[in-house]
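Shown next: input-v4.pdb, containing PDB, N, CA and C atoms, pLDDT in the B column.
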```pdb
ATOM      1  N   MET B   1      93.913  54.821 100.738  1.00 80.00           N
ATOM      2  CA  MET B   1      95.134  55.119 101.438  1.00 80.00           C
ATOM      3  C   MET B   1      94.801  56.101 102.560  1.00 80.00           C
ATOM      4  N   ALA B   2      95.285  55.800 103.725  1.00 89.00           N
ATOM      5  CA  ALA B   2      95.011  56.645 104.896  1.00 89.00           C
ATOM      6  C   ALA B   2      95.876  57.900 104.875  1.00 89.00           C
ATOM      7  N   ALA B   3      95.365  58.939 105.500  1.00 86.00           N
ATOM      8  CA  ALA B   3      96.108  60.195 105.584  1.00 86.00           C
ATOM      9  C   ALA B   3      97.432  60.002 106.319  1.00 86.00           C
ATOM     10  N   SER B   4      97.437  59.121 107.308  1.00 90.00           N
ATOM     11  CA  SER B   4      98.672  58.880 108.056  1.00 90.00           C
ATOM     12  C   SER B   4      99.737  58.220 107.179  1.00 90.00           C
ATOM     13  N   THR B   5      99.302  57.402 106.207  1.00 91.00           N
ATOM     14  CA  THR B   5     100.246  56.767 105.286  1.00 91.00           C
ATOM     15  C   THR B   5     100.889  57.817 104.385  1.00 91.00           C
ATOM     16  N   VAL B   6     100.067  58.709 103.868  1.00 89.00           N
ATOM     17  CA  VAL B   6     100.572  59.789 103.024  1.00 89.00           C
ATOM     18  C   VAL B   6     101.533  60.662 103.824  1.00 89.00           C
ATOM     19  N   TRP B   7     101.170  60.964 105.075  1.00 88.00           N
ATOM     20  CA  TRP B   7     102.030  61.788 105.928  1.00 88.00           C
ATOM     21  C   TRP B   7     103.387  61.122 106.107  1.00 88.00           C
ATOM     22  N   LYS B   8     103.390  59.798 106.361  1.00 92.00           N
ATOM     23  CA  LYS B   8     104.648  59.076 106.575  1.00 92.00           C
ATOM     24  C   LYS B   8     105.506  59.075 105.306  1.00 92.00           C
ATOM     25  N   ILE B   9     104.878  58.842 104.155  1.00 92.00           N
ATOM     26  CA  ILE B   9     105.620  58.832 102.890  1.00 92.00           C
ATOM     27  C   ILE B   9     106.237  60.202 102.631  1.00 92.00           C
ATOM     28  N   ARG B  10     105.455  61.244 102.839  1.00 89.00           N
ATOM     29  CA  ARG B  10     105.962  62.602 102.617  1.00 89.00           C
ATOM     30  C   ARG B  10     107.075  62.942 103.596  1.00 89.00           C
ATOM     31  N   LYS B  11     106.928  62.520 104.859  1.00 89.00           N
ATOM     32  CA  LYS B  11     107.949  62.796 105.869  1.00 89.00           C
ATOM     33  C   LYS B  11     109.244  62.066 105.522  1.00 89.00           C
ATOM     34  N   ASP B  12     109.127  60.801 105.102  1.00 93.00           N
ATOM     35  CA  ASP B  12     110.320  60.029 104.727  1.00 93.00           C
ATOM     36  C   ASP B  12     111.033  60.640 103.519  1.00 93.00           C
ATOM     37  N   ALA B  13     110.259  61.276 102.619  1.00 92.00           N
ATOM     38  CA  ALA B  13     110.835  61.903 101.428  1.00 92.00           C
ATOM     39  C   ALA B  13     111.361  63.306 101.723  1.00 92.00           C
ATOM     40  N   GLY B  14     111.117  63.789 102.952  1.00 89.00           N
ATOM     41  CA  GLY B  14     111.607  65.115 103.317  1.00 89.00           C
ATOM     42  C   GLY B  14     110.731  66.249 102.836  1.00 89.00           C
ATOM     43  N   ILE B  15     109.480  65.954 102.545  1.00 86.00           N
ATOM     44  CA  ILE B  15     108.539  66.980 102.081  1.00 86.00           C
ATOM     45  C   ILE B  15     107.743  67.477 103.276  1.00 86.00           C
ATOM     46  N   ASP B  16     107.932  68.738 103.621  1.00 83.00           N
ATOM     47  CA  ASP B  16     107.214  69.326 104.747  1.00 83.00           C
ATOM     48  C   ASP B  16     105.770  69.612 104.367  1.00 83.00           C
ATOM     49  N   PRO B  17     104.879  69.664 105.365  1.00 79.00           N
ATOM     50  CA  PRO B  17     103.487  70.016 105.072  1.00 79.00           C
ATOM     51  C   PRO B  17     103.391  71.466 104.605  1.00 79.00           C
ATOM     52  N   ALA B  18     102.367  71.744 103.836  1.00 75.00           N
ATOM     53  CA  ALA B  18     102.156  73.108 103.342  1.00 75.00           C
ATOM     54  C   ALA B  18     101.826  74.024 104.516  1.00 75.00           C
ATOM     55  N   PRO B  19     102.250  75.267 104.446  1.00 72.00           N
ATOM     56  CA  PRO B  19     101.912  76.200 105.534  1.00 72.00           C
ATOM     57  C   PRO B  19     100.417  76.490 105.538  1.00 72.00           C
ATOM     58  N   ASP B  20      99.915  76.845 106.694  1.00 65.00           N
ATOM     59  CA  ASP B  20      98.502  77.216 106.780  1.00 65.00           C
ATOM     60  C   ASP B  20      98.273  78.470 105.962  1.00 65.00           C
ATOM     61  N   ARG B  21      97.203  78.460 105.229  1.00 62.00           N
ATOM     62  CA  ARG B  21      96.869  79.624 104.406  1.00 62.00           C
ATOM     63  C   ARG B  21      95.699  80.346 105.052  1.00 62.00           C
ATOM     64  N   SER B  22      95.843  81.633 105.227  1.00 67.00           N
ATOM     65  CA  SER B  22      94.727  82.390 105.773  1.00 67.00           C
ATOM     66  C   SER B  22      93.725  82.624 104.652  1.00 67.00           C
ATOM     67  N   SER B  23      92.487  82.528 104.983  1.00 68.00           N
ATOM     68  CA  SER B  23      91.474  82.734 103.953  1.00 68.00           C
ATOM     69  C   SER B  23      91.378  84.227 103.640  1.00 68.00           C
ATOM     70  N   SER B  24      91.240  84.523 102.381  1.00 76.00           N
ATOM     71  CA  SER B  24      91.137  85.922 101.983  1.00 76.00           C
ATOM     72  C   SER B  24      89.673  86.273 101.742  1.00 76.00           C
ATOM     73  N   THR B  25      89.393  87.532 101.825  1.00 84.00           N
ATOM     74  CA  THR B  25      88.026  88.006 101.609  1.00 84.00           C
ATOM     75  C   THR B  25      87.820  88.316 100.132  1.00 84.00           C
ATOM     76  N   TRP B  26      86.591  88.496  99.754  1.00 85.00           N
ATOM     77  CA  TRP B  26      86.260  88.841  98.375  1.00 85.00           C
ATOM     78  C   TRP B  26      86.899  90.179  98.009  1.00 85.00           C
ATOM     79  N   ALA B  27      86.924  91.110  98.932  1.00 86.00           N
ATOM     80  CA  ALA B  27      87.529  92.425  98.674  1.00 86.00           C
ATOM     81  C   ALA B  27      89.028  92.295  98.429  1.00 86.00           C
ATOM     82  N   ASP B  28      89.706  91.435  99.194  1.00 84.00           N
ATOM     83  CA  ASP B  28      91.140  91.212  98.980  1.00 84.00           C
ATOM     84  C   ASP B  28      91.392  90.627  97.599  1.00 84.00           C
ATOM     85  N   PHE B  29      90.548  89.683  97.191  1.00 82.00           N
ATOM     86  CA  PHE B  29      90.696  89.082  95.870  1.00 82.00           C
ATOM     87  C   PHE B  29      90.521  90.133  94.777  1.00 82.00           C
ATOM     88  N   LEU B  30      89.495  90.952  94.879  1.00 82.00           N
ATOM     89  CA  LEU B  30      89.246  91.973  93.861  1.00 82.00           C
ATOM     90  C   LEU B  30      90.393  92.979  93.783  1.00 82.00           C
ATOM     91  N   ARG B  31      90.941  93.359  94.946  1.00 83.00           N
ATOM     92  CA  ARG B  31      92.069  94.289  94.943  1.00 83.00           C
ATOM     93  C   ARG B  31      93.276  93.682  94.244  1.00 83.00           C
ATOM     94  N   SER B  32      93.527  92.402  94.483  1.00 82.00           N
ATOM     95  CA  SER B  32      94.700  91.769  93.873  1.00 82.00           C
ATOM     96  C   SER B  32      94.520  91.535  92.374  1.00 82.00           C
ATOM     97  N   GLN B  33      93.287  91.469  91.910  1.00 84.00           N
ATOM     98  CA  GLN B  33      93.015  91.192  90.508  1.00 84.00           C
ATOM     99  C   GLN B  33      92.516  92.423  89.750  1.00 84.00           C
ATOM    100  N   ALA B  34      92.612  93.591  90.337  1.00 81.00           N
ATOM    101  CA  ALA B  34      92.026  94.807  89.760  1.00 81.00           C
ATOM    102  C   ALA B  34      92.541  95.110  88.358  1.00 81.00           C
ATOM    103  N   ASP B  35      93.834  94.997  88.121  1.00 75.00           N
ATOM    104  CA  ASP B  35      94.384  95.314  86.796  1.00 75.00           C
ATOM    105  C   ASP B  35      93.801  94.408  85.721  1.00 75.00           C
ATOM    106  N   ALA B  36      93.726  93.126  85.995  1.00 76.00           N
ATOM    107  CA  ALA B  36      93.188  92.183  85.012  1.00 76.00           C
ATOM    108  C   ALA B  36      91.702  92.418  84.792  1.00 76.00           C
ATOM    109  N   LEU B  37      90.967  92.723  85.867  1.00 73.00           N
ATOM    110  CA  LEU B  37      89.538  92.962  85.730  1.00 73.00           C
ATOM    111  C   LEU B  37      89.277  94.208  84.890  1.00 73.00           C
ATOM    112  N   LEU B  38      90.050  95.253  85.106  1.00 73.00           N
ATOM    113  CA  LEU B  38      89.872  96.468  84.321  1.00 73.00           C
ATOM    114  C   LEU B  38      90.232  96.233  82.853  1.00 73.00           C
ATOM    115  N   ALA B  39      91.272  95.470  82.601  1.00 69.00           N
ATOM    116  CA  ALA B  39      91.668  95.180  81.226  1.00 69.00           C
ATOM    117  C   ALA B  39      90.578  94.408  80.507  1.00 69.00           C
ATOM    118  N   CYS B  40      89.926  93.497  81.194  1.00 68.00           N
ATOM    119  CA  CYS B  40      88.843  92.715  80.574  1.00 68.00           C
ATOM    120  C   CYS B  40      87.641  93.592  80.268  1.00 68.00           C
ATOM    121  N   ASP B  41      87.375  94.580  81.112  1.00 64.00           N
ATOM    122  CA  ASP B  41      86.234  95.462  80.897  1.00 64.00           C
ATOM    123  C   ASP B  41      86.389  96.301  79.633  1.00 64.00           C
ATOM    124  N   PHE B  42      87.624  96.583  79.228  1.00 69.00           N
ATOM    125  CA  PHE B  42      87.841  97.446  78.075  1.00 69.00           C
ATOM    126  C   PHE B  42      88.296  96.676  76.832  1.00 69.00           C
ATOM    127  N   LEU B  43      88.207  95.368  76.877  1.00 70.00           N
ATOM    128  CA  LEU B  43      88.618  94.547  75.753  1.00 70.00           C
ATOM    129  C   LEU B  43      87.506  94.523  74.706  1.00 70.00           C
ATOM    130  N   GLU B  44      87.845  94.730  73.459  1.00 76.00           N
ATOM    131  CA  GLU B  44      86.868  94.709  72.378  1.00 76.00           C
ATOM    132  C   GLU B  44      87.472  93.944  71.210  1.00 76.00           C
ATOM    133  N   THR B  45      86.661  93.116  70.601  1.00 80.00           N
ATOM    134  CA  THR B  45      87.108  92.342  69.452  1.00 80.00           C
ATOM    135  C   THR B  45      86.207  92.650  68.267  1.00 80.00           C
ATOM    136  N   VAL B  46      86.816  92.854  67.119  1.00 84.00           N
ATOM    137  CA  VAL B  46      86.060  93.076  65.893  1.00 84.00           C
ATOM    138  C   VAL B  46      86.251  91.837  65.020  1.00 84.00           C
ATOM    139  N   THR B  47      85.139  91.193  64.664  1.00 86.00           N
ATOM    140  CA  THR B  47      85.222  89.978  63.843  1.00 86.00           C
ATOM    141  C   THR B  47      85.412  90.356  62.377  1.00 86.00           C
ATOM    142  N   LEU B  48      85.660  89.369  61.534  1.00 86.00           N
ATOM    143  CA  LEU B  48      85.882  89.632  60.105  1.00 86.00           C
ATOM    144  C   LEU B  48      84.723  90.365  59.430  1.00 86.00           C
ATOM    145  N   PRO B  49      83.458  90.017  59.719  1.00 87.00           N
ATOM    146  CA  PRO B  49      82.373  90.776  59.102  1.00 87.00           C
ATOM    147  C   PRO B  49      82.186  92.178  59.688  1.00 87.00           C
ATOM    148  N   GLY B  50      82.954  92.520  60.735  1.00 80.00           N
ATOM    149  CA  GLY B  50      82.869  93.873  61.312  1.00 80.00           C
ATOM    150  C   GLY B  50      82.041  93.949  62.566  1.00 80.00           C
ATOM    151  N   THR B  51      81.532  92.821  63.029  1.00 83.00           N
ATOM    152  CA  THR B  51      80.732  92.813  64.262  1.00 83.00           C
ATOM    153  C   THR B  51      81.651  93.022  65.465  1.00 83.00           C
ATOM    154  N   ARG B  52      81.224  93.897  66.366  1.00 78.00           N
ATOM    155  CA  ARG B  52      82.007  94.157  67.581  1.00 78.00           C
ATOM    156  C   ARG B  52      81.501  93.286  68.717  1.00 78.00           C
ATOM    157  N   MET B  53      82.446  92.721  69.437  1.00 69.00           N
ATOM    158  CA  MET B  53      82.083  91.872  70.588  1.00 69.00           C
ATOM    159  C   MET B  53      82.721  92.424  71.827  1.00 69.00           C
TER
END
```
Give the structure from this file in structure tokens form.
Amino acid sequence: MAASTVWKIRKDAGIDPAPDRSSSTWADFLRSQADALLACDFLETVTLPGTRM
């Protein structure tokens, strides 16, 4: 299926194209995910035999 066919089908259905997304840097990603990354760093699991992971 050609891209122009998909474009026509989407246009007829009233679906607009997605907005352009600016690419983010690695630093931006880390800043946005900082809370989750810190939580993972301090996560500890103790198994039934008492082994810590």
Task: CA of Leu30 in chain B to atom N of Val46 in chain B, distance in Å rounded to a single decimal - done: 26.9 Å
Task: One-decimal distance in Å that lies between atom N of Phe29 in chain B and CA of Leu43 in chain B - done: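 Atom N of Phe29 in chain B lies 22.1 Å from CA of Leu43 in chain B.
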Task: Between atom N of Met1 in chain B and atom C of Asp16 in chain B - distance in Å to one decimal - done: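 The value is 19.3 Å.
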